[in-house]
$ cat target.txt   # compact mmCIF, C-alpha atoms
# COMPACT_ATOMS: atom_id res chain seq x y z
CA MET A 17 -46.10 -58.41 -19.16
CA LYS A 18 -48.76 -60.31 -21.08
CA VAL A 19 -50.37 -58.96 -24.22
CA PRO A 20 -53.38 -56.93 -23.03
CA VAL A 21 -56.85 -58.32 -23.67
CA GLN A 22 -59.05 -55.66 -25.28
CA ARG A 23 -62.68 -55.31 -24.23
CA TYR A 24 -65.33 -52.63 -24.19
CA ALA A 25 -67.03 -51.33 -21.08
CA ASP A 26 -70.66 -50.21 -21.10
CA THR A 27 -69.40 -46.66 -21.62
CA GLY A 28 -68.15 -47.71 -25.03
CA ALA A 29 -64.54 -46.85 -24.13
CA ALA A 30 -61.81 -49.32 -24.91
CA VAL A 31 -60.24 -50.80 -21.81
CA ALA A 32 -57.05 -52.84 -21.55
CA GLU A 33 -56.97 -55.46 -18.83
CA TYR A 34 -53.64 -55.82 -17.11
CA GLY A 35 -54.05 -58.46 -14.46
CA GLU A 36 -50.34 -58.54 -13.69
CA LEU A 37 -50.52 -55.54 -11.37
CA ALA A 38 -52.94 -57.49 -9.15
CA ASP A 39 -50.87 -60.67 -9.30
CA PRO A 40 -48.49 -61.14 -6.34
CA ALA A 41 -46.01 -62.78 -8.73
CA PHE A 42 -45.58 -59.44 -10.50
CA TRP A 43 -44.26 -57.85 -7.29
CA GLN A 44 -41.81 -60.69 -6.79
CA GLN A 45 -40.07 -59.82 -10.05
CA PRO A 46 -36.79 -57.86 -10.06
CA PRO A 47 -37.37 -54.09 -9.80
CA ALA A 48 -36.12 -53.52 -13.36
CA ALA A 49 -38.80 -55.82 -14.77
CA ARG A 50 -41.56 -54.04 -12.88
CA LEU A 51 -40.31 -50.62 -13.95
CA ALA A 52 -40.19 -51.73 -17.57
CA ALA A 53 -43.83 -52.84 -17.30
CA PHE A 54 -44.83 -49.45 -15.92
CA ALA A 55 -42.96 -47.72 -18.75
CA ARG A 56 -45.10 -49.64 -21.24
CA LEU A 57 -48.24 -48.62 -19.38
CA ARG A 58 -47.24 -44.95 -19.45
CA ALA A 59 -46.92 -45.15 -23.23
CA LEU A 60 -50.60 -46.08 -23.65
CA ASP A 61 -53.22 -43.48 -24.51
CA SER A 62 -55.28 -43.79 -21.33
CA PRO A 63 -55.34 -45.54 -17.95
CA VAL A 64 -55.77 -49.31 -17.98
CA TYR A 65 -58.18 -51.44 -16.02
CA VAL A 66 -56.62 -53.99 -13.68
CA PRO A 67 -58.99 -56.88 -12.78
CA GLU A 68 -58.68 -58.13 -9.22
CA GLY A 69 -61.05 -61.08 -9.46
CA LYS A 70 -64.75 -61.60 -8.72
CA GLY A 71 -65.75 -58.71 -10.96
CA ARG A 72 -63.67 -56.20 -9.05
CA GLY A 73 -60.70 -54.19 -10.18
CA HIS A 74 -59.10 -50.77 -10.37
CA TRP A 75 -57.93 -48.20 -12.87
CA ALA A 76 -54.17 -47.69 -12.82
CA LEU A 77 -52.87 -44.12 -12.88
CA VAL A 78 -49.21 -44.38 -13.87
CA ARG A 79 -48.29 -40.99 -15.29
CA HIS A 80 -46.91 -38.19 -13.14
CA ALA A 81 -49.49 -35.66 -14.33
CA ASP A 82 -52.42 -38.03 -13.72
CA VAL A 83 -51.28 -39.05 -10.25
CA GLN A 84 -50.69 -35.42 -9.31
CA GLU A 85 -54.07 -34.27 -10.63
CA ALA A 86 -55.96 -37.04 -8.83
CA SER A 87 -54.10 -36.26 -5.59
CA ARG A 88 -55.26 -32.64 -5.77
CA LEU A 89 -58.92 -33.46 -6.39
CA PRO A 90 -60.01 -35.11 -3.11
CA LYS A 91 -63.69 -34.38 -3.80
CA VAL A 92 -63.41 -36.55 -6.91
CA PHE A 93 -60.79 -39.12 -5.89
CA ALA A 94 -61.66 -39.86 -2.26
CA SER A 95 -59.42 -41.59 0.27
CA ALA A 96 -62.37 -43.16 2.09
CA PRO A 97 -63.04 -45.98 2.73
CA GLY A 98 -59.31 -46.74 2.57
CA VAL A 99 -56.10 -46.17 0.67
CA THR A 100 -54.55 -49.60 1.11
CA THR A 101 -55.14 -52.82 -0.82
CA PRO A 102 -57.33 -54.42 0.36
CA GLU A 103 -59.33 -51.61 1.91
CA PRO A 104 -59.73 -51.89 5.69
CA ALA A 105 -62.82 -53.82 6.78
CA ARG A 106 -65.61 -51.83 8.42
CA TRP A 107 -65.20 -53.66 11.71
CA VAL A 108 -61.48 -52.85 11.74
CA ARG A 109 -62.22 -49.16 11.19
CA ALA A 110 -64.89 -49.26 13.90
CA LEU A 111 -62.54 -50.93 16.36
CA PHE A 112 -59.36 -48.94 15.69
CA GLY A 113 -60.74 -45.70 14.34
CA ASP A 114 -60.10 -44.13 10.96
CA SER A 115 -56.53 -43.21 10.18
CA MET A 116 -56.06 -39.71 8.81
CA VAL A 117 -54.99 -41.13 5.44
CA ASN A 118 -58.44 -42.74 5.06
CA LEU A 119 -60.47 -39.59 5.77
CA ASP A 120 -61.78 -36.83 3.51
CA GLY A 121 -63.37 -33.42 3.74
CA ALA A 122 -64.17 -31.80 7.07
CA ASP A 123 -63.23 -34.88 9.13
CA HIS A 124 -59.76 -35.00 7.59
CA ALA A 125 -59.29 -31.22 7.74
CA GLN A 126 -60.19 -31.03 11.43
CA LEU A 127 -57.92 -33.90 12.43
CA ARG A 128 -55.02 -32.58 10.36
CA LYS A 129 -55.53 -29.11 11.83
CA ILE A 130 -55.22 -30.49 15.37
CA VAL A 131 -52.05 -32.37 14.48
CA GLN A 132 -50.48 -29.43 12.63
CA ARG A 133 -51.24 -27.11 15.55
CA ALA A 134 -49.41 -29.50 17.88
CA PHE A 135 -46.24 -29.29 15.76
CA THR A 136 -45.16 -25.99 17.25
CA PRO A 137 -41.95 -24.25 16.14
CA ARG A 138 -40.46 -25.07 19.53
CA LEU A 139 -41.29 -28.78 19.20
CA LEU A 140 -39.93 -28.93 15.64
CA ALA A 141 -36.70 -27.18 16.63
CA ALA A 142 -36.21 -29.63 19.49
CA ALA A 143 -36.93 -32.55 17.15
CA GLU A 144 -34.34 -31.37 14.62
CA ALA A 145 -31.69 -31.02 17.32
CA ASP A 146 -32.56 -34.49 18.57
CA ILE A 147 -32.28 -35.95 15.06
CA HIS A 148 -28.65 -34.87 14.79
CA ALA A 149 -27.85 -36.26 18.24
CA VAL A 150 -29.53 -39.60 17.52
CA ALA A 151 -27.81 -39.94 14.13
CA ALA A 152 -24.40 -39.32 15.69
CA ARG A 153 -25.07 -41.83 18.48
CA ILE A 154 -26.20 -44.53 16.06
CA VAL A 155 -23.09 -44.17 13.91
CA ASP A 156 -20.91 -44.15 17.05
CA ASP A 157 -22.51 -47.46 18.04
CA VAL A 158 -22.01 -48.92 14.57
CA LEU A 159 -18.34 -48.03 14.48
CA ALA A 160 -17.82 -49.46 17.97
CA GLN A 161 -19.76 -52.70 17.47
CA GLU A 162 -19.23 -53.29 13.73
CA PRO A 163 -22.49 -55.12 12.92
CA ASP A 164 -23.08 -56.38 9.38
CA GLU A 165 -26.83 -55.83 8.84
CA PHE A 166 -27.87 -52.26 8.06
CA VAL A 167 -31.64 -52.25 8.67
CA SER A 168 -31.53 -53.41 12.28
CA ALA A 169 -28.33 -51.57 13.17
CA VAL A 170 -28.95 -48.24 11.49
CA SER A 171 -31.91 -47.42 9.28
CA SER A 172 -34.71 -48.71 11.52
CA ARG A 173 -33.20 -47.18 14.67
CA LEU A 174 -33.12 -43.56 13.57
CA PRO A 175 -36.80 -42.92 12.73
CA LEU A 176 -38.03 -45.07 15.62
CA GLU A 177 -35.92 -43.26 18.21
CA VAL A 178 -36.69 -39.84 16.76
CA ILE A 179 -40.45 -40.40 16.74
CA CYS A 180 -40.47 -41.95 20.22
CA ASN A 181 -38.44 -39.02 21.56
CA MET A 182 -40.74 -36.51 19.87
CA MET A 183 -43.90 -38.24 21.10
CA GLY A 184 -42.53 -38.67 24.61
CA ILE A 185 -42.68 -42.49 24.72
CA PRO A 186 -40.97 -43.79 27.88
CA GLU A 187 -37.85 -45.87 27.30
CA HIS A 188 -39.34 -49.03 28.82
CA HIS A 189 -42.05 -49.14 26.12
CA ARG A 190 -39.80 -48.74 23.10
CA ALA A 191 -38.60 -52.28 22.50
CA GLU A 192 -42.19 -53.51 22.62
CA ILE A 193 -43.31 -50.75 20.23
CA ALA A 194 -40.58 -51.69 17.75
CA ASP A 195 -41.75 -55.30 17.90
CA ARG A 196 -45.41 -54.27 17.44
CA VAL A 197 -44.56 -52.10 14.45
CA ASN A 198 -42.77 -55.00 12.79
CA HIS A 199 -45.69 -57.36 13.39
CA ALA A 200 -48.26 -54.81 12.22
CA SER A 201 -46.48 -54.01 8.96
CA GLU A 202 -44.34 -57.00 7.98
CA ASN A 203 -46.87 -58.58 5.60
CA ILE A 204 -48.67 -55.55 4.14
CA GLY A 205 -48.97 -56.15 0.42
CA VAL A 206 -46.96 -59.39 0.54
CA GLU A 207 -48.29 -62.69 -0.83
CA ARG A 208 -48.52 -65.44 1.78
CA GLY A 209 -49.62 -69.04 1.86
CA LEU A 210 -53.05 -70.01 3.14
CA GLY A 211 -51.83 -70.77 6.65
CA ALA A 212 -50.05 -67.46 6.92
CA ARG A 213 -53.06 -65.58 5.53
CA LEU A 214 -55.18 -67.08 8.30
CA ARG A 215 -52.62 -66.33 11.04
CA MET A 216 -51.03 -63.04 10.08
CA PRO A 217 -54.06 -60.70 10.05
CA GLY A 218 -54.80 -61.69 13.64
CA ARG A 219 -51.20 -61.20 14.73
CA GLY A 220 -50.95 -57.85 12.96
CA LEU A 221 -54.21 -56.58 14.43
CA ARG A 222 -53.27 -57.76 17.93
CA ALA A 223 -49.97 -55.90 17.60
CA LEU A 224 -51.84 -52.78 16.47
CA ALA A 225 -54.35 -53.06 19.32
CA ARG A 226 -51.64 -53.42 21.96
CA MET A 227 -49.71 -50.48 20.54
CA GLN A 228 -52.80 -48.29 20.54
CA ARG A 229 -53.74 -49.30 24.09
CA MET A 230 -50.24 -48.42 25.20
CA VAL A 231 -50.28 -44.95 23.69
CA ALA A 232 -53.84 -44.34 24.91
CA GLY A 233 -52.64 -45.00 28.45
CA ILE A 234 -49.77 -42.55 27.99
CA GLY A 235 -52.26 -40.02 26.60
CA ARG A 236 -54.47 -40.31 29.68
CA GLU A 237 -51.46 -39.66 31.90
CA ARG A 238 -50.34 -36.65 29.83
CA ARG A 239 -53.78 -35.05 30.06
CA LYS A 240 -53.31 -35.00 33.81
CA ASN A 241 -49.59 -34.31 33.87
CA PRO A 242 -48.49 -32.77 30.57
CA THR A 243 -44.85 -32.61 29.53
CA ASP A 244 -43.07 -30.93 26.63
CA ASP A 245 -43.81 -33.60 24.02
CA LEU A 246 -46.12 -34.28 21.09
CA ILE A 247 -48.56 -36.57 22.92
CA SER A 248 -49.18 -33.86 25.50
CA ALA A 249 -49.73 -31.31 22.75
CA LEU A 250 -52.13 -33.59 20.87
CA VAL A 251 -54.33 -34.56 23.81
CA ARG A 252 -54.44 -31.02 25.20
CA ALA A 253 -54.78 -29.16 21.88
CA ASP A 254 -57.62 -26.68 21.64
CA VAL A 255 -58.60 -26.41 17.98
CA ASP A 256 -62.22 -25.28 17.83
CA GLY A 257 -62.60 -26.81 21.26
CA GLN A 258 -61.22 -30.18 20.21
CA ALA A 259 -58.18 -32.31 20.96
CA LEU A 260 -57.42 -35.90 19.98
CA ASN A 261 -59.42 -38.48 21.91
CA ALA A 262 -57.90 -41.82 22.87
CA ARG A 263 -58.93 -43.63 19.69
CA GLN A 264 -57.77 -40.77 17.43
CA LEU A 265 -54.46 -40.63 19.29
CA GLY A 266 -54.01 -44.38 18.83
CA ALA A 267 -54.82 -44.19 15.11
CA PHE A 268 -52.43 -41.26 14.62
CA PHE A 269 -49.65 -42.98 16.53
CA SER A 270 -50.08 -46.15 14.46
CA LEU A 271 -49.91 -44.09 11.29
CA LEU A 272 -46.81 -42.28 12.53
CA MET A 273 -45.10 -45.50 13.56
CA VAL A 274 -45.88 -47.54 10.46
CA ALA A 275 -45.69 -44.73 7.89
CA GLY A 276 -43.05 -42.54 9.52
CA VAL A 277 -40.73 -45.34 10.64
CA GLU A 278 -41.14 -47.76 7.73
CA THR A 279 -40.90 -45.25 4.89
CA THR A 280 -37.87 -43.43 6.28
CA ARG A 281 -36.18 -46.70 7.14
CA ASN A 282 -36.61 -47.97 3.60
CA ALA A 283 -35.50 -44.71 1.99
CA ILE A 284 -32.32 -44.71 4.08
CA THR A 285 -31.57 -48.35 3.25
CA HIS A 286 -32.13 -47.86 -0.46
CA GLY A 287 -29.99 -44.72 -0.18
CA LEU A 288 -26.94 -46.63 1.05
CA SER A 289 -27.42 -49.20 -1.69
CA LEU A 290 -27.70 -46.47 -4.36
CA LEU A 291 -24.57 -44.67 -3.19
CA THR A 292 -22.68 -47.97 -3.21
CA ASP A 293 -23.88 -48.83 -6.72
CA HIS A 294 -23.07 -45.33 -8.03
CA PRO A 295 -19.60 -44.46 -6.67
CA ALA A 296 -19.30 -41.34 -8.85
CA GLN A 297 -22.43 -39.91 -7.22
CA ARG A 298 -21.13 -40.84 -3.79
CA ASP A 299 -17.80 -39.11 -4.53
CA LEU A 300 -19.65 -36.01 -5.70
CA LEU A 301 -21.70 -35.93 -2.50
CA LEU A 302 -18.59 -36.39 -0.37
CA ALA A 303 -16.76 -33.62 -2.22
CA ASP A 304 -19.30 -31.01 -1.07
CA PHE A 305 -21.89 -32.53 1.22
CA GLU A 306 -23.78 -29.35 2.07
CA THR A 307 -24.18 -28.41 -1.60
CA TYR A 308 -25.47 -31.78 -2.77
CA ALA A 309 -27.12 -33.35 0.29
CA ASP A 310 -30.63 -31.99 -0.23
CA GLY A 311 -30.61 -33.11 -3.86
CA ALA A 312 -29.22 -36.50 -2.89
CA VAL A 313 -31.98 -37.08 -0.35
CA ASP A 314 -34.73 -36.18 -2.82
CA GLU A 315 -33.16 -38.36 -5.51
CA MET A 316 -32.98 -41.31 -3.09
CA ILE A 317 -36.67 -40.86 -2.36
CA ARG A 318 -37.61 -40.50 -6.03
CA HIS A 319 -35.52 -43.46 -7.13
CA SER A 320 -36.68 -45.82 -4.39
CA THR A 321 -40.26 -44.47 -3.91
CA PRO A 322 -40.89 -45.93 -0.43
CA ILE A 323 -44.69 -46.00 -0.91
CA ILE A 324 -45.50 -47.72 -4.19
CA GLN A 325 -49.22 -47.01 -4.38
CA PHE A 326 -52.35 -45.66 -2.70
CA ARG A 327 -55.97 -46.32 -3.63
CA ARG A 328 -58.75 -43.84 -4.23
CA THR A 329 -62.51 -44.24 -4.73
CA VAL A 330 -64.18 -42.04 -7.34
CA ALA A 331 -66.85 -39.85 -5.77
CA ALA A 332 -67.86 -37.73 -8.77
CA GLU A 333 -67.74 -38.09 -12.54
CA HIS A 334 -64.47 -36.79 -13.93
CA THR A 335 -62.34 -37.15 -17.05
CA LEU A 336 -58.63 -37.68 -16.46
CA GLY A 337 -55.90 -38.93 -18.77
CA GLY A 338 -58.35 -39.55 -21.58
CA HIS A 339 -60.74 -41.68 -19.49
CA LEU A 340 -64.13 -40.89 -17.96
CA PHE A 341 -64.23 -42.03 -14.34
CA ARG A 342 -67.60 -42.68 -12.70
CA PRO A 343 -68.64 -42.72 -9.03
CA GLY A 344 -67.70 -45.98 -7.37
CA ASP A 345 -64.73 -46.69 -9.62
CA LYS A 346 -61.58 -47.73 -7.83
CA VAL A 347 -58.34 -46.00 -8.79
CA VAL A 348 -54.76 -46.72 -7.76
CA LEU A 349 -52.11 -43.99 -7.80
CA TYR A 350 -48.85 -45.70 -8.73
CA TYR A 351 -46.19 -43.37 -7.31
CA ALA A 352 -43.48 -45.85 -8.30
CA SER A 353 -44.41 -45.31 -11.94
CA ALA A 354 -45.02 -41.55 -11.69
CA ASN A 355 -41.52 -41.08 -10.28
CA ARG A 356 -40.04 -42.67 -13.44
CA ASP A 357 -42.17 -40.71 -15.91
CA GLU A 358 -40.00 -39.77 -18.89
CA ALA A 359 -42.14 -36.70 -19.52
CA VAL A 360 -40.98 -35.23 -16.22
CA PHE A 361 -37.64 -36.88 -15.41
CA PRO A 362 -35.02 -37.08 -18.18
CA ASP A 363 -33.22 -40.43 -18.05
CA PRO A 364 -35.57 -41.48 -15.23
CA ASP A 365 -33.78 -44.71 -14.28
CA ALA A 366 -30.50 -42.88 -13.63
CA PHE A 367 -29.53 -41.99 -10.06
CA ASP A 368 -28.49 -38.33 -10.28
CA ILE A 369 -28.12 -36.28 -7.10
CA THR A 370 -27.86 -33.08 -9.19
CA ARG A 371 -31.28 -33.67 -10.79
CA SER A 372 -33.09 -30.32 -10.91
CA PRO A 373 -35.93 -29.81 -10.82
CA ASN A 374 -36.95 -32.98 -9.04
CA PRO A 375 -40.74 -32.83 -8.52
CA HIS A 376 -40.98 -36.41 -7.27
CA LEU A 377 -44.14 -37.74 -5.67
CA GLY A 378 -42.41 -39.68 -2.92
CA PHE A 379 -44.40 -37.75 -0.31
CA GLY A 380 -47.63 -37.83 -2.32
CA GLY A 381 -48.92 -35.81 -5.21
CA GLY A 382 -49.82 -32.71 -3.25
CA GLY A 383 -53.28 -31.78 -2.04
CA PRO A 384 -54.64 -32.28 1.49
CA HIS A 385 -52.92 -35.64 1.99
CA PHE A 386 -49.37 -34.48 1.32
CA CYS A 387 -47.13 -36.17 3.88
CA LEU A 388 -47.03 -34.32 7.21
CA GLY A 389 -43.62 -35.75 8.01
CA ALA A 390 -41.87 -34.81 4.77
CA HIS A 391 -39.65 -32.17 6.34
CA LEU A 392 -38.59 -34.34 9.28
CA ALA A 393 -37.89 -37.31 7.00
CA ARG A 394 -35.56 -35.17 4.89
CA VAL A 395 -33.80 -33.87 8.00
CA GLU A 396 -33.36 -37.43 9.30
CA MET A 397 -31.88 -38.71 6.06
CA LYS A 398 -29.54 -35.77 5.64
CA ALA A 399 -28.31 -36.00 9.25
CA LEU A 400 -27.68 -39.73 9.04
CA PHE A 401 -25.85 -39.66 5.72
CA ARG A 402 -23.72 -36.78 6.96
CA GLU A 403 -22.61 -39.00 9.83
CA LEU A 404 -22.21 -42.11 7.68
CA LEU A 405 -20.17 -40.43 4.97
CA THR A 406 -17.95 -38.03 6.89
CA ARG A 407 -16.48 -40.40 9.48
CA PRO A 408 -12.96 -41.82 8.91
CA VAL A 409 -14.45 -45.29 8.31
CA ALA A 410 -16.77 -45.46 5.32
CA LEU A 411 -19.69 -47.88 4.89
CA ARG A 412 -20.83 -49.66 1.76
CA ALA A 413 -23.66 -52.05 0.97
CA VAL A 414 -22.77 -55.68 0.29
CA GLY A 415 -24.97 -57.45 -2.23
CA LEU A 416 -28.54 -56.55 -3.09
CA PRO A 417 -31.23 -55.47 -0.63
CA ASP A 418 -33.55 -58.27 0.47
CA LEU A 419 -36.86 -56.85 -0.75
CA ALA A 420 -40.19 -57.93 0.70
CA GLY A 421 -41.93 -58.13 -2.68
CA SER A 422 -44.78 -55.93 -1.45
CA ASN A 423 -47.23 -54.20 -3.77
CA PHE A 424 -47.66 -51.43 -1.18
CA ASP A 425 -44.20 -50.26 -0.15
CA ASN A 426 -40.64 -50.73 -1.35
CA ARG A 427 -39.72 -52.51 1.85
CA VAL A 428 -36.24 -53.83 2.59
CA ARG A 429 -36.08 -56.72 5.02
CA SER A 430 -32.31 -56.61 5.34
CA LEU A 431 -29.14 -55.28 3.72
CA LYS A 432 -25.64 -56.47 4.47
CA PHE A 433 -22.96 -53.82 4.77
CA ALA A 434 -19.24 -53.59 5.42
CA PHE A 435 -16.64 -51.03 6.48
CA GLU A 436 -14.01 -49.45 4.26
CA ARG A 437 -10.98 -48.39 6.27
CA PRO A 438 -8.32 -46.02 4.90
$ encode --input "target.txt" --output "structure tokens"
Amino acid sequence: MKVPVQRYADTGAAVAEYGELADPAFWQQPPAARLAAFARLRALDSPVYVPEGKGRGHWALVRHADVQEASRLPKVFASAPGVTTPEPARWVRALFGDSMVNLDGADHAQLRKIVQRAFTPRLLAAAEADIHAVAARIVDDVLAQEPDEFVSAVSSRLPLEVICNMMGIPEHHRAEIADRVNHASENIGVERGLGARLRMPGRGLRALARMQRMVAGIGRERRKNPTDDLISALVRADVDGQALNARQLGAFFSLLMVAGVETTRNAITHGLSLLTDHPAQRDLLLADFETYADGAVDEMIRHSTPIIQFRRTVAAEHTLGGHLFRPGDKVVLYYASANRDEAVFPDPDAFDITRSPNPHLGFGGGGPHFCLGAHLARVEMKALFRELLTRPVALRAVGLPDLAGSNFDNRVRSLKFAFERP
């Protein structure tokens, strides 16, 4: 990290400019280098300003307490107009609808209420039973076919199949959906050359549009002929006389596919790599899986932090972490830093499945935007690792994960793996 350049804002408060966090080269560095930079930021007295060019920039919240407080003050730190970097263009929001993660207040509360009402105890129980069946089938396939790449063979399959089963997506649509998800998300937060920057947004948006049209068509059919699945529940919900319309259903499905599939996939992949790199922790987990599995899953999520950051826009004056924020300021919540905060996690860089308490922010910092899928993600990871670790043939990662170098999520493009036979 460069030596910070000191300047004074018109408020009179000292501000340190750290342009590295906005530089794609920073996110191409090895994870240890990035984590060391965040550790230095956490040691400063107040949040730093990160210039993004052309007079724009954001304030970086890197401490656990600051990220958590901002997450629980949505009237001050608003998700609208968007939580990603860059924020979604107005025409994109108009065309595709606002995702729940980009909404605040009554609009967000109403949409979340409809979705939560659709997740009935019966649907959740069926989803959990399905998770165990899908995990067992995937590991059966792996042992029979012996592939050597973990993401495509294992970690991407589980969340995609589980979500498609839960939503009620017909089998003949699923290969296309998987392809659309990859196209829609493959370059989020990743630096690209000029040619790719001109091509990729169009390809990603076309993939998103086709996926949303597909699910909208299924939604229309389920309104007429409902079945026992989540799409039927969402389009026929009656929450204050409202259900999801076609555009809302498409936006929710895109969020579920990109967020639910990508984040769980990456957490699982990092999990295998962590267990391989820390054989004593793996042996402890194997010695008593049911005792340590929940802690292992949470530690995998904390250590890998699948979502690195989300943006917020300041809506009201507020002092946080020693800095006065004013309306219009942009703020970024760096979960990847908060989950290594020494003030909360002793020896934060260690991978310790017995860590307790473990108040990680891998599912957000609390508040109204806490991840809806947190419970199912934990169930998926626990079910899969039970299957992976308790079969006669063990699996281990080979080499390092091929990371995407994204500033948005800790995405793994691929991970080689091998079998250990007795």
$ atom_distance --input "target.txt" --atom1 "atom CA of Phe326 of chain A" --atom2 "atom CA of Leu60 of chain A"
21.0 Å
$ closest_residue --input "target.txt" --among "A:Val197, A:Leu159, A:Val117, A:Val255" --to "Arg437 of chain A" --atoms "only C-alpha atoms"
A:Leu159
$ residues_around --input "target.txt" --residues "Pro322 of chain A" --least-positions-apart "5" --cutoff "9 Å" --atoms "all atoms listed in the file" --output "PyMOL selection string"
chain A and resi 278-283+286+317+352+378-379+424-427
$ residues_around --input "target.txt" --residues "Ala410 of chain A" --least-positions-apart "6" --cutoff "9 Å" --atoms "all atoms listed in the file" --output "PyMOL selection string"
chain A and resi 404+434-438
$ residues_near_point --input "target.txt" --point "(-40.3, -48.6, -14.1)" --cutoff "9 Å" --atoms "all atoms listed in the file" --output "compact mmCIF listing (two decimals) with C-alpha atoms, in the frame of the given file"
# COMPACT_ATOMS: atom_id res chain seq x y z
CA PRO A 47 -37.37 -54.09 -9.80
CA ALA A 48 -36.12 -53.52 -13.36
CA ALA A 49 -38.80 -55.82 -14.77
CA ARG A 50 -41.56 -54.04 -12.88
CA LEU A 51 -40.31 -50.62 -13.95
CA ALA A 52 -40.19 -51.73 -17.57
CA ALA A 53 -43.83 -52.84 -17.30
CA PHE A 54 -44.83 -49.45 -15.92
CA ALA A 55 -42.96 -47.72 -18.75
CA ARG A 56 -45.10 -49.64 -21.24
CA ALA A 352 -43.48 -45.85 -8.30
CA SER A 353 -44.41 -45.31 -11.94
CA ALA A 354 -45.02 -41.55 -11.69
CA ASN A 355 -41.52 -41.08 -10.28
CA ARG A 356 -40.04 -42.67 -13.44
CA ASP A 357 -42.17 -40.71 -15.91
CA PRO A 364 -35.57 -41.48 -15.23
CA ASP A 365 -33.78 -44.71 -14.28
$ residues_around --input "target.txt" --residues "Arg138 of chain A" --least-positions-apart "2" --cutoff "12 Å" --atoms "only C-alpha atoms" --output "PyMOL selection string"
chain A and resi 133-136+140-145+182+244-246+249
$ residues_around --input "target.txt" --residues "segment 160-171 of chain A" --least-positions-apart "3" --cutoff "10 Å" --atoms "all atoms listed in the file" --output "MDAnalysis selection string"
chainID A and resid 151 154:157 174:176 277:278 280:286 288 397 400 404 411:414 417 428:435
$ write_last_selection --input "target.txt" --atoms "C-alpha atoms" --output "PDB file, in the coordinates of the input"
ATOM      1  CA  ALA A 151     -27.810 -39.940  14.130  1.00  0.00           C
ATOM      2  CA  ILE A 154     -26.200 -44.530  16.060  1.00  0.00           C
ATOM      3  CA  VAL A 155     -23.090 -44.170  13.910  1.00  0.00           C
ATOM      4  CA  ASP A 156     -20.910 -44.150  17.050  1.00  0.00           C
ATOM      5  CA  ASP A 157     -22.510 -47.460  18.040  1.00  0.00           C
ATOM      6  CA  LEU A 174     -33.120 -43.560  13.570  1.00  0.00           C
ATOM      7  CA  PRO A 175     -36.800 -42.920  12.730  1.00  0.00           C
ATOM      8  CA  LEU A 176     -38.030 -45.070  15.620  1.00  0.00           C
ATOM      9  CA  VAL A 277     -40.730 -45.340  10.640  1.00  0.00           C
ATOM     10  CA  GLU A 278     -41.140 -47.760   7.730  1.00  0.00           C
ATOM     11  CA  THR A 280     -37.870 -43.430   6.280  1.00  0.00           C
ATOM     12  CA  ARG A 281     -36.180 -46.700   7.140  1.00  0.00           C
ATOM     13  CA  ASN A 282     -36.610 -47.970   3.600  1.00  0.00           C
ATOM     14  CA  ALA A 283     -35.500 -44.710   1.990  1.00  0.00           C
ATOM     15  CA  ILE A 284     -32.320 -44.710   4.080  1.00  0.00           C
ATOM     16  CA  THR A 285     -31.570 -48.350   3.250  1.00  0.00           C
ATOM     17  CA  HIS A 286     -32.130 -47.860  -0.460  1.00  0.00           C
ATOM     18  CA  LEU A 288     -26.940 -46.630   1.050  1.00  0.00           C
ATOM     19  CA  MET A 397     -31.880 -38.710   6.060  1.00  0.00           C
ATOM     20  CA  LEU A 400     -27.680 -39.730   9.040  1.00  0.00           C
ATOM     21  CA  LEU A 404     -22.210 -42.110   7.680  1.00  0.00           C
ATOM     22  CA  LEU A 411     -19.690 -47.880   4.890  1.00  0.00           C
ATOM     23  CA  ARG A 412     -20.830 -49.660   1.760  1.00  0.00           C
ATOM     24  CA  ALA A 413     -23.660 -52.050   0.970  1.00  0.00           C
ATOM     25  CA  VAL A 414     -22.770 -55.680   0.290  1.00  0.00           C
ATOM     26  CA  PRO A 417     -31.230 -55.470  -0.630  1.00  0.00           C
ATOM     27  CA  VAL A 428     -36.240 -53.830   2.590  1.00  0.00           C
ATOM     28  CA  ARG A 429     -36.080 -56.720   5.020  1.00  0.00           C
ATOM     29  CA  SER A 430     -32.310 -56.610   5.340  1.00  0.00           C
ATOM     30  CA  LEU A 431     -29.140 -55.280   3.720  1.00  0.00           C
ATOM     31  CA  LYS A 432     -25.640 -56.470   4.470  1.00  0.00           C
ATOM     32  CA  PHE A 433     -22.960 -53.820   4.770  1.00  0.00           C
ATOM     33  CA  ALA A 434     -19.240 -53.590   5.420  1.00  0.00           C
ATOM     34  CA  PHE A 435     -16.640 -51.030   6.480  1.00  0.00           C
TER      35      PHE A 435
END
$ closest_residue --input "target.txt" --among "A:Leu139, A:Leu340, A:Leu119, A:Phe401" --to "Ser248 of chain A" --atoms "only C-alpha atoms"
A:Leu139
$ closest_residue --input "target.txt" --among "A:Arg153, A:Arg371, A:Arg327, A:Arg407" --to "Lys346 of chain A" --atoms "all atoms listed in the file"
A:Arg327
$ residues_around --input "target.txt" --residues "Asn118 of chain A" --least-positions-apart "5" --cutoff "7 Å" --atoms "all atoms listed in the file" --output "VMD selection string"
chain A and resid 95 to 99
$ closest_residue --input "target.txt" --among "A:Ile323, A:Ala191, A:Ala399, A:Ala86" --to "Val150 of chain A" --atoms "all atoms listed in the file"
A:Ala399
$ closest_residue --input "target.txt" --among "A:Asp345, A:Arg109, A:Thr243, A:Pro102" --to "Glu333 of chain A" --atoms "all atoms listed in the file"
A:Asp345
$ closest_residue --input "target.txt" --among "A:Gly383, A:Pro46, A:Pro373, A:Gly344" --to "Gln84 of chain A" --atoms "only C-alpha atoms"
A:Gly383
$ residues_near_point --input "target.txt" --point "(-54.4, -40.2, 28.2)" --cutoff "12 Å" --atoms "all atoms listed in the file" --output "list of chain:residue names"
A:Gln228, A:Arg229, A:Met230, A:Val231, A:Ala232, A:Gly233, A:Ile234, A:Gly235, A:Arg236, A:Glu237, A:Arg238, A:Arg239, A:Lys240, A:Asn241, A:Pro242, A:Ile247, A:Ser248, A:Ala249, A:Leu250, A:Val251, A:Arg252, A:Ala259, A:Leu260, A:Asn261, A:Ala262, A:Arg263, A:Gln264, A:Leu265, A:Gly266
